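Following: one structure in structure tokens, then a few remarks.
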2 protein chains.
Amino acid sequence: MSAAPSLDAIFAALADPTRRAILARLLEGDATVMDLAEPFAMSQPAISKHLRVLETAGLISRGRDGTRRPCRIEGAALARVQRWIEDYRAVWDANFARLDGVLETMKRERRHNVAQRRAGKGQES
Amino acid sequence: MSAAPSLDAIFAALADPTRRAILARLLEGDATVMDLAEPFAMSQPAISKHLRVLETAGLISRGRDGTRRPCRIEGAALARVQRWIEDYRAVWDANFARLDGVLETMKRERRHNVAQRRAGKGQES
DNA sequence: CCAATATATAACCTTTAAGTAATATAACCT
DNA sequence: AGGTTATATTACTTAAAGGTTATATATTGG
């Protein structure tokens with residue numbers, strides 16, 4: 001009955017590198033909380049919290065195996081993200097031509113950056 | 001010279017619904033800060049902050065047109081997310097078979113939910 | 001140059017997120 | 001039953017996110 005988790009929750013869950021590392025680990029197969037905690041310099045409760053965030057986002061599910069709670073990666077949430085991105089595809093495809101142009105410019109800029117600066121094209125982040 | 005923005009920054013930027021709405025609006029074409037602020041019940045500085053987050057994440061770029069700073073959507077960051085997701089594709093493809101099973105079950109559940117419940121298949125989030 | 005417009009920055013407040021240590025719960029094993 | 005192992009929960013701290021208002025900066029047009 002759980003409503004599909006929101007994109008908010010999914011993206012927020014993915015924004016944390018620890019959680020992405022957990023997902024990457026789960027690509028190799030299901031794992032227990034202890035397994036998942038092991039590579040990190042972080043307490044077990046911290047990992048449990050991360051797992052809860054991932055579960056709430058629908059990115060993992062959890063079973064029961066004795067006293068363990070094996071975690072499994074769930075593709076549906078990621079599929080949802082990918083579908084969301086697809087909507088932007090046409091636009092960025094259109095932009096790729098422009099991007100190519102920009103890359104050209106950057107190459108030339110690196111070679112002639114003094115001239116560029118003289119032209120008053122200063123552009124920082 | 002700006003290094004490619006981190007996935008952390010990109011996902012965090014995408015986690016906010018206002019910012020996703022801004023991106024959606026930018027699909028229709030470049031827009032100024034005022035244009036982007038208009039649909040939201042939010043102050044102009046709040047929008048400026050969101051735009052800064054999006055820009056830092058590499059999701060938009062900004063030009064100059066008189067006193068305006070037109071915003072443009074940038075595909076590269078989204079492409080980066082999509083490439084990241086690709087790594088998980090094999091896994092969720094494997095899961096789709098299972099997911100199909102679940103969808104089947106849900107359909108039947110809607111039709112025969114009483115019978116389903118009798119079978120003790122309760123599954124919550 | 002001055003006024004107006006568009007946007008950015010500063011200072012502040014409130015809520016949420018990520019971590020901690022300590023403790024509680026749950027399932028197994030003997 | 002009772003100890004052990006695996007995980008969850010609680011209470012707390014710190015820092016960051018998202019919003020506000022007020023003010024500053026920048027660019028144009030007259």
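Here, A, B, ... name the chains of the structure tokens in the order displayed, residue numbers run from 1 inside each chain, and ligands are numbered from 1 in the same displayed order.
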Show me which bits of chain A are within 10 Å of chain D, counting only C-alpha atoms (C1' of nucleotides), as an NGL selection string. :A and (32-34 or 44-45 or 48-49 or 66-69)
Next, the residues of the selection above should be written as an mmCIF file, in the first residue's frame with N, CA and C atoms.
data_model
loop_
_atom_site.group_PDB
_atom_site.id
_atom_site.type_symbol
_atom_site.label_atom_id
_atom_site.label_comp_id
_atom_site.auth_asym_id
_atom_site.auth_seq_id
_atom_site.Cartn_x
_atom_site.Cartn_y
_atom_site.Cartn_z
ATOM 1 N N THR A 32 24.100 -7.548 5.115
ATOM 2 C CA THR A 32 23.529 -7.208 6.414
ATOM 3 C C THR A 32 24.011 -5.824 6.836
ATOM 4 N N VAL A 33 23.423 -5.320 7.898
ATOM 5 C CA VAL A 33 23.805 -4.013 8.407
ATOM 6 C C VAL A 33 25.282 -4.008 8.792
ATOM 7 N N MET A 34 25.719 -5.041 9.457
ATOM 8 C CA MET A 34 27.119 -5.129 9.855
ATOM 9 C C MET A 34 28.037 -5.127 8.639
ATOM 10 N N GLN A 44 27.378 2.002 14.165
ATOM 11 C CA GLN A 44 26.310 1.168 13.608
ATOM 12 C C GLN A 44 24.985 1.923 13.550
ATOM 13 N N PRO A 45 24.615 2.675 14.569
ATOM 14 C CA PRO A 45 23.348 3.403 14.458
ATOM 15 C C PRO A 45 23.327 4.380 13.276
ATOM 16 N N SER A 48 22.386 2.378 10.376
ATOM 17 C CA SER A 48 20.962 2.041 10.447
ATOM 18 C C SER A 48 20.107 3.208 9.980
ATOM 19 N N LYS A 49 20.525 4.407 10.363
ATOM 20 C CA LYS A 49 19.759 5.581 9.928
ATOM 21 C C LYS A 49 19.830 5.759 8.423
ATOM 22 N N GLY A 66 17.073 -14.722 10.457
ATOM 23 C CA GLY A 66 17.480 -14.858 11.850
ATOM 24 C C GLY A 66 17.517 -13.492 12.477
ATOM 25 N N THR A 67 18.618 -13.167 13.103
ATOM 26 C CA THR A 67 18.696 -11.846 13.732
ATOM 27 C C THR A 67 19.152 -10.774 12.730
ATOM 28 N N ARG A 68 19.507 -11.180 11.519
ATOM 29 C CA ARG A 68 19.971 -10.213 10.522
ATOM 30 C C ARG A 68 18.810 -9.642 9.723
ATOM 31 N N ARG A 69 19.069 -8.460 9.162
ATOM 32 C CA ARG A 69 18.086 -7.847 8.265
ATOM 33 C C ARG A 69 18.757 -7.571 6.942
#
Do you have, as CSV, the list of residues of chain C lying at most 8 Å from chain A, each with its nearest atom pair and that distance in Å to one decimal, counting only C-alpha atoms (C1' of nucleotides) and ordered by chain then number?
residue,atom,partner,partner_atom,distance
C:DA18,C1',A:Ala46,CA,7.9
C:DG19,C1',A:Ala46,CA,6.8
C:DA26,C1',A:Thr67,CA,7.1
C:DA27,C1',A:Thr67,CA,5.0
C:DC28,C1',A:Gly66,CA,6.9
Go ahead and save the picked residues with N, CA and C atoms (P, O5', C5', C4', C3', O3' and C1' of nucleotides), as an mmCIF file, in the first residue's frame.
data_model
loop_
_atom_site.group_PDB
_atom_site.id
_atom_site.type_symbol
_atom_site.label_atom_id
_atom_site.label_comp_id
_atom_site.auth_asym_id
_atom_site.auth_seq_id
_atom_site.Cartn_x
_atom_site.Cartn_y
_atom_site.Cartn_z
ATOM 1 P P DA C 18 21.210 13.235 5.983
ATOM 2 O "O5'" DA C 18 22.483 13.152 6.950
ATOM 3 C "C5'" DA C 18 23.551 14.067 6.803
ATOM 4 C "C4'" DA C 18 24.480 13.905 7.989
ATOM 5 C "C3'" DA C 18 24.763 12.436 8.325
ATOM 6 O "O3'" DA C 18 26.159 12.256 8.525
ATOM 7 C "C1'" DA C 18 23.974 13.578 10.231
ATOM 8 P P DG C 19 26.741 10.747 8.538
ATOM 9 O "O5'" DG C 19 27.146 10.522 10.068
ATOM 10 C "C5'" DG C 19 28.240 11.207 10.612
ATOM 11 C "C4'" DG C 19 28.020 11.536 12.071
ATOM 12 C "C3'" DG C 19 27.994 10.364 13.057
ATOM 13 O "O3'" DG C 19 29.310 9.935 13.375
ATOM 14 C "C1'" DG C 19 26.474 12.096 13.675
ATOM 15 P P DA C 26 10.522 -6.383 20.235
ATOM 16 O "O5'" DA C 26 11.168 -7.311 19.132
ATOM 17 C "C5'" DA C 26 12.142 -6.796 18.244
ATOM 18 C "C4'" DA C 26 13.034 -7.925 17.773
ATOM 19 C "C3'" DA C 26 12.429 -9.317 17.932
ATOM 20 O "O3'" DA C 26 12.637 -9.956 16.698
ATOM 21 C "C1'" DA C 26 14.580 -9.266 18.867
ATOM 22 P P DA C 27 11.737 -11.233 16.289
ATOM 23 O "O5'" DA C 27 12.832 -12.377 16.121
ATOM 24 C "C5'" DA C 27 13.866 -12.156 15.167
ATOM 25 C "C4'" DA C 27 15.028 -13.051 15.525
ATOM 26 C "C3'" DA C 27 14.642 -14.517 15.706
ATOM 27 O "O3'" DA C 27 15.385 -15.246 14.753
ATOM 28 C "C1'" DA C 27 16.044 -13.766 17.462
ATOM 29 P P DC C 28 15.156 -16.792 14.539
ATOM 30 O "O5'" DC C 28 16.450 -17.382 15.264
ATOM 31 C "C5'" DC C 28 17.719 -16.966 14.766
ATOM 32 C "C4'" DC C 28 18.789 -17.297 15.794
ATOM 33 C "C3'" DC C 28 18.917 -18.793 16.080
ATOM 34 O "O3'" DC C 28 20.132 -19.223 15.484
ATOM 35 C "C1'" DC C 28 19.059 -17.442 18.076
#
Residues of chain A that approach chain B to 6 Å or less, counting only C-alpha atoms: could you list each one with the shortest pair of atoms and its distance in Å to one decimal, rows by chain and increasing residue number, as a tab-separated table?
residue	atom	partner	partner_atom	distance
A:Ser2	CA	B:Ser125	CA	5.4
A:Asp8	CA	B:Ala15	CA	4.7
A:Phe11	CA	B:Ala15	CA	4.7
A:Ala12	CA	B:Ala15	CA	5.0
A:Ala15	CA	B:Asp8	CA	4.7
A:Gly75	CA	B:Trp92	CA	4.1
A:Trp92	CA	B:Gly75	CA	4.4
Work out how far apart CA of Pro39 (chain A) and CA of Arg19 (chain A) are and give it in Å to one decimal.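 If I compute the distance from CA of Pro39 (chain A) to CA of Arg19 (chain A), I get 12.3 Å.
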Report, in Å with one decimal, the straight-line distance from CA of Leu51 (chain A) to C1' of DT25 (chain C).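 About the pair CA of Leu51 (chain A) and C1' of DT25 (chain C): they are 18.1 Å apart.
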Separation of CA of Pro70 (chain B) and CA of Ala31 (chain B), in Å?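 Computed distance, CA of Pro70 (chain B) to CA of Ala31 (chain B), equals 5.1 Å.
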